[in-house]
Each structure stands twice: as structure tokens, then as C-alpha cells.
Amino acid sequence: MFAIGDFSFDVTAHEQVKADGGIRERFTVGLYFQGKPLSWHPNQKGADDFPGSPHLQVIEWVGRESVAVYNDSGKLTGTKRGADFRTRFWTTLMHLAEKALIAQQSGKTKAEVTDAEMQKQAFVAPIDLAAKSRDAEGKVTEERSLEEAVAKLTKADAGETSNDRL
Amino acid sequence: MTVSNIDCDYDGQVTSAAAVNDTGTGCGWGLNGVDIRAFIRFPLSVTIMAGSTINDVDFQGNVNFSQMEGTETTLIRPYNTTGDDDPQPDSGANKYTRAANGSNLISTTVFDTTGSKTVDLGTTADGQVQGNISSPGIYSLGLSGGGLSGVDTTQIEAIENAGTDPATLIVDWTAPAAGTVPLRTLTGVGA
């Protein structure tokens with residue numbers, strides 16, 4: 001369980017798929033606000049990835065397996081992999097979580113939440129990006145750096161799945 | 001419902017003199033002696049199942065350089081008014097025109113400062129992306145500046161940059177009722 005302010009995230013599964021030049025990194029993420037499950041899609045009925053558990057969501061990054069890389073002079077210098085989620089993982093989750101919260105609080109669907117409303121919902125508390133494990137009483141039992149948590153997330157090679165509970 | 005963060009597979013910038021740079025490490029827009037506009041293409045058909053319902057669309061980019069002040073805005077539009085067209089084969093002149101024709105999806109100041117920025121593109125974009133899933137299978141955007149004077153530019157990390165945070169289209173979608181969401185093979189991504 002990862003805590004950022006009043007939000008907590010439970011990343012329960014990671015799958016990496018490579019095929020036909022593309023790469024896909026998929027995660028199952030549970031969303032909690034102040035310790036209680038929060039629906040990723042408030043006020044919206046639909047084909048949830050996990051029926052009965054609207055606080056669970058499949059979130060994935062999709063890109064090319066190999067992308068040409070250039071320098072500032074326009075010279076090809078090598079390649080990199082796409083769908084590299086590591087620098088975007090938490091900012092994206094926070095954006096999606098904030099939108100879900102605003103939707104919940106305003107009685108809207110996510111699509112109805114405007115960018116102006118998102119910009120008003122700024123953090124007022126320090127962001128704690130440390131990965132914390134908690135026991136049943138919510139007491140922190142282990143603390144890992146974000147880098148260590150991401151390294152664990154990316155340990156699955158192509159074709160393998162990682163269902164470790166973080 | 002699945003949320004797919006789709007990397008762009010083609011991006012670049014073009015000036016009012018029709019000079020194109022689509023291999024640069026940055027993808028910028030604004031004013032620097034000439035007007036500069038950006039164009040970005042996202043693949044849809046390899047990620048989203050045909051017949052899916054689009055619930056929400058956001059745009060995310062990592063600003064790594066900005067000279068814009070707080071009142072200057074970024075205008076994001078669907079490329080060539082609908083987002084259906086591929087900027088890659090267009091001439092420089094067409095790229096410049098099509099990056100800023102049609103109505104704004106959003107006018108925002110968030111790209112005035114560095115860092116990862118995410119904006120909601122609104123319900124017009126939601127509908128356009130849904131209409132584009134299978135044909136043409138892409139969605140393209142144009143970015144330009146508003147209220148600019150002097151030297152006012154901003155830039156996001158390009159797909160050609162050695163970094164790890166290119167422009168991303170964050171699409172929240174629901175597969176058609178008759179199907180499930182498989183681990184689909186990806187074909188032709190970025191071909």
C-alpha cells in the first residue's frame with residue numbers, strides 16, 4: 001500500500017506484454033481515500049474491470065518496444081523503450097485519483113469534471129511519496145524508497161507476470 | 001473500464017515560415033521571432049478495442065523548458081479541426097495551419113512552468129477519440145500559444161528525447177459489452 005496525502009494505492013498486479021513491436025505495462029491498482037475504497041468512476045455504471053470492486057482499475061502504459069533517439073543536432077544516437085511508466089506512474093495515478101474524488105464529491109462523472117475544477121484542487125499537504133507497508137491497524141511496518149518500489153515493479157521480464165502484493 | 005496511457009508515436013514543431021523539426025528532443029510552441037506550433041499523433045487502434053466507449057481523455061506532457069509568463073496560454077486543438085488527420089505526411093505549411101485551426105479543446109496556463117502536466121481535453125475530445133478508434137485509428141493534436149508577446153515559448157519532452165516522459169494520451173475506456181479485455185497483441189505501433 002502506497003500513501004500520498006489522504007490517498008492510498010494498492011498495486012496488486014503487474015503484467016508486461018511485448019508483441020509485434022509494441023510493449024504494454026499493465027497494473028491493477030486499488031484506490032483508497034482516507035482509508036476507505038474510492039471508486040475510480042463515481043456516478044457511472046459500466047463494465048468495470050472488477051465487478052463489485054469499483055475501487056480497482058487496470059491502468060496501463062502503451063508504447064513502442066524500440067523508439068529512435070536523437071540529440072539536439074538531429075543526429076540519431078540510439079534507441080529507447082516505450083511505455084516507460086516510471087517517471088509518470090505516481091503523477092498519473094494522483095491525477096486520476098483527484099479526478100475521481102472531485103467527481104464523487106460533486107455528484108459528477110469523470111467526464112464531467114472540468115480542467116478548471118482540477119486546477120483548483122491543489123495539494124495543501126506535503127506529498128509523502130514513500131512506499132509504506134501497513135498492518136491491519138494502519139500502523140507503518142516497513143518503508144521503502146520509491147525507487148526500490150519501482151524496481152520491484154519492473155522486475156517482471158517479457159512474458160512473466162508479477163502478482164506480488166507490494 | 002481500463003485506463004490506457006498511450007505514448008505518442010509522432011511529434012514535432014513547425015514555424016510560421018513552414019520550417020519543420022520532427023526529430024528534435026523537444027516539442028515546443030509559442031513565439032520566438034516566429035510563431036511556433038506543435039503537432040502530436042497518438043495511435044488508438046492498437047490499444048483500444050473497436051466498439052469501445054470512451055469515458056474520458058486527458059493529455060499529459062513533461063515541460064522541460066518554458067519562458068511563458070503566467071498570463072500566456074497554451075491552446076490545444078484537434079489537429080485539422082477533428083484530430084482525424086495524420087500530421088506526418090503534411091507539408092510544413094499544412095502542419096502550421098492544421099496545428100491551430102478549428103476550436104480549442106482547452107486553453108490553459110499549466111504549461112507555463114516546468115514539470116509533468118496533465119489536462120482534461122473535455123467532452124469534445126472524448127467524442128472525437130471514440131469516433132477515431134478504428135478509423136483512422138489515430139488521434140492528433142495541435143498546440144499553440146495565446147496572448148503572447150516578445151519571446152514566449154514552452155516545450156515538452158519529445159518522443160525522440162532520450163528521456164522517459166513523452167507526450168501521452170490518457171484514455172479511459174470501456175470495452176464493448178459482448179467482449180472482454182484481452183492482453184491484445186500490438187501490431188504496427190509506431191510503424
# chains A, B, ... in the order shown; residues from 1 in each chain; ligands from 1
call {"tool": "closest_atom_pairs", "arguments": {"of": "chain A", "to": "chain B", "cutoff": "6 Å", "atoms": "only C-alpha atoms", "output": "Markdown table"}}
result
| residue | atom | partner | partner_atom | distance |
| --- | --- | --- | --- | --- |
| A:Ala19 | CA | B:Thr185 | CA | 5.3 |
| A:Asp20 | CA | B:Thr187 | CA | 5.1 |
| A:Gly22 | CA | B:Leu186 | CA | 5.3 |
| A:Asp48 | CA | B:Met1 | CA | 4.9 |
| A:Asp49 | CA | B:Met1 | CA | 5.4 |
| A:Val58 | CA | B:Thr2 | CA | 5.2 |
| A:Ile59 | CA | B:Val3 | CA | 4.8 |
| A:Glu60 | CA | B:Ser4 | CA | 5.0 |
| A:Trp61 | CA | B:Asn5 | CA | 4.6 |
| A:Val62 | CA | B:Ile6 | CA | 5.0 |
| A:Gly63 | CA | B:Asp7 | CA | 5.1 |
| A:Arg64 | CA | B:Val189 | CA | 6.0 |
| A:Val69 | CA | B:Glu160 | CA | 4.6 |
| A:Tyr70 | CA | B:Glu160 | CA | 5.6 |
| A:Asp72 | CA | B:Thr25 | CA | 5.9 |
| A:Gly74 | CA | B:Thr23 | CA | 5.9 |
| A:Asp84 | CA | B:Thr164 | CA | 5.8 |
| A:Ala111 | CA | B:Asp56 | CA | 5.0 |
| A:Asp115 | CA | B:Asp120 | CA | 5.2 |
call {"tool": "write_last_selection", "arguments": {"atoms": "C-alpha atoms", "output": "PDB file, in the first residue's frame"}}
result
ATOM      1  CA  ALA A  19       4.223  -8.202 -29.302  1.00  0.00           C
ATOM      2  CA  ASP A  20       4.728  -7.001 -32.864  1.00  0.00           C
ATOM      3  CA  GLY A  22       4.761  -2.843 -29.141  1.00  0.00           C
ATOM      4  CA  ASP A  48     -15.911  -2.488 -14.621  1.00  0.00           C
ATOM      5  CA  ASP A  49     -12.730  -4.471 -14.874  1.00  0.00           C
ATOM      6  CA  VAL A  58      -6.499  -1.632 -14.718  1.00  0.00           C
ATOM      7  CA  ILE A  59      -4.078   1.151 -15.628  1.00  0.00           C
ATOM      8  CA  GLU A  60      -1.556   0.574 -18.392  1.00  0.00           C
ATOM      9  CA  TRP A  61       1.158   2.308 -20.357  1.00  0.00           C
ATOM     10  CA  VAL A  62       1.413   1.501 -24.062  1.00  0.00           C
ATOM     11  CA  GLY A  63       4.191   2.324 -26.493  1.00  0.00           C
ATOM     12  CA  ARG A  64       6.731   1.010 -28.956  1.00  0.00           C
ATOM     13  CA  VAL A  69      16.517   8.694 -30.018  1.00  0.00           C
ATOM     14  CA  TYR A  70      18.146  11.853 -31.388  1.00  0.00           C
ATOM     15  CA  ASP A  72      19.782  18.311 -30.172  1.00  0.00           C
ATOM     16  CA  GLY A  74      19.137  15.983 -35.052  1.00  0.00           C
ATOM     17  CA  ASP A  84       8.299   3.613 -19.624  1.00  0.00           C
ATOM     18  CA  ALA A 111     -16.005  13.101 -17.985  1.00  0.00           C
ATOM     19  CA  ASP A 115      -9.916  21.049 -16.129  1.00  0.00           C
TER      20      ASP A 115
END
call {"tool": "residues_around", "arguments": {"residues": "Gly33 (chain B)", "least_positions_apart": "5", "cutoff": "10 Å", "atoms": "only C-alpha atoms", "output": "list in words"}}
result
Thr15, Ser16, Ser149, Gly150, Val151 and Asp152 of chain B
call {"tool": "select_by_dssp", "arguments": {"residues": "chain B", "states": "helix (DSSP H, G or I)", "output": "ChimeraX atom specification"}}
result
/B:79-81,92-98,110-112,122-132
call {"tool": "closest_residue", "arguments": {"among": "A:Thr109, A:Thr87, A:Thr77, A:Ser8", "to": "Lys36 (chain A)", "atoms": "only C-alpha atoms"}}
result
A:Ser8
call {"tool": "residues_around", "arguments": {"residues": "Lys95 (chain B)", "least_positions_apart": "2", "cutoff": "10 Å", "atoms": "only C-alpha atoms", "output": "JSON, numbers by chain"}}
result
{"B": [12, 13, 14, 15, 16, 18, 19, 20, 37, 38, 39, 79, 80, 86, 87, 88, 89, 90, 91, 92, 93, 97, 98, 99, 100, 142]}
call {"tool": "residues_around", "arguments": {"residues": "Asn132 (chain B)", "least_positions_apart": "4", "cutoff": "9 Å", "atoms": "only C-alpha atoms", "output": "list in words"}}
result
Leu44, Ser45, Gly83, Asp84, Gly127, Gln128, Pro136, Gly137, Ile138 and Tyr139 of chain B
call {"tool": "write_last_selection", "arguments": {"atoms": "N, CA, C and O atoms", "output": "tab-separated table (two decimals), in the first residue's frame"}}
result
chain	number	residue	atom	x	y	z
B	44	LEU	N	-4.43	4.79	-31.72
B	44	LEU	CA	-5.57	4.33	-30.92
B	44	LEU	C	-5.91	2.87	-31.18
B	44	LEU	O	-6.18	2.11	-30.25
B	45	SER	N	-5.90	2.46	-32.45
B	45	SER	CA	-6.47	1.16	-32.81
B	45	SER	C	-5.70	-0.02	-32.24
B	45	SER	O	-6.24	-1.09	-32.08
B	83	GLY	N	-8.92	16.12	-35.52
B	83	GLY	CA	-7.99	15.14	-34.97
B	83	GLY	C	-7.88	13.87	-35.78
B	83	GLY	O	-7.17	12.95	-35.39
B	84	ASP	N	-8.59	13.83	-36.93
B	84	ASP	CA	-8.58	12.63	-37.76
B	84	ASP	C	-7.33	12.50	-38.61
B	84	ASP	O	-7.00	11.41	-39.08
B	127	GLY	N	-15.50	12.53	-27.56
B	127	GLY	CA	-16.26	12.08	-28.72
B	127	GLY	C	-15.41	11.85	-29.95
B	127	GLY	O	-15.62	10.90	-30.70
B	128	GLN	N	-14.42	12.72	-30.16
B	128	GLN	CA	-13.55	12.58	-31.33
B	128	GLN	C	-12.70	11.31	-31.22
B	128	GLN	O	-12.54	10.57	-32.19
B	136	PRO	N	-9.70	6.74	-38.31
B	136	PRO	CA	-8.42	6.32	-38.87
B	136	PRO	C	-7.48	5.59	-37.91
B	136	PRO	O	-6.36	5.27	-38.27
B	137	GLY	N	-7.90	5.34	-36.67
B	137	GLY	CA	-7.04	4.62	-35.73
B	137	GLY	C	-6.00	5.49	-35.06
B	137	GLY	O	-5.11	4.98	-34.39
B	138	ILE	N	-6.11	6.80	-35.23
B	138	ILE	CA	-5.20	7.74	-34.59
B	138	ILE	C	-6.00	8.94	-34.07
B	138	ILE	O	-7.16	9.14	-34.45
B	139	TYR	N	-5.35	9.71	-33.20
B	139	TYR	CA	-5.90	11.00	-32.80
B	139	TYR	C	-4.73	11.97	-32.73
B	139	TYR	O	-3.72	11.67	-32.08
call {"tool": "residues_around", "arguments": {"residues": "Ala97 (chain A)", "least_positions_apart": "6", "cutoff": "10 Å", "atoms": "only C-alpha atoms", "output": "ChimeraX atom specification"}}
result
/A:7-9,31-33,38-41,91,103
call {"tool": "closest_residue", "arguments": {"among": "A:Pro54, A:Ala68, A:His95, A:Ala100", "to": "Tyr10 (chain B)", "atoms": "only C-alpha atoms"}}
result
A:Ala68
call {"tool": "select_by_dssp", "arguments": {"residues": "region 12-94 of chain A", "states": "strand (DSSP E)", "output": "PyMOL selection string"}}
result
chain A and resi 12-19+22-33+36-37+56-64+67-70+76-80
call {"tool": "atom_distance", "arguments": {"atom1": "CA of Lys110 (chain A)", "atom2": "CA of Lys45 (chain A)"}}
result
11.7 Å
call {"tool": "residues_around", "arguments": {"residues": "Gly102 (chain B)", "least_positions_apart": "5", "cutoff": "8 Å", "atoms": "only C-alpha atoms", "output": "count of residues only"}}
result
5
call {"tool": "atom_distance", "arguments": {"atom1": "CA of Gly28 (chain B)", "atom2": "CA of Val67 (chain A)"}}
result
19.7 Å
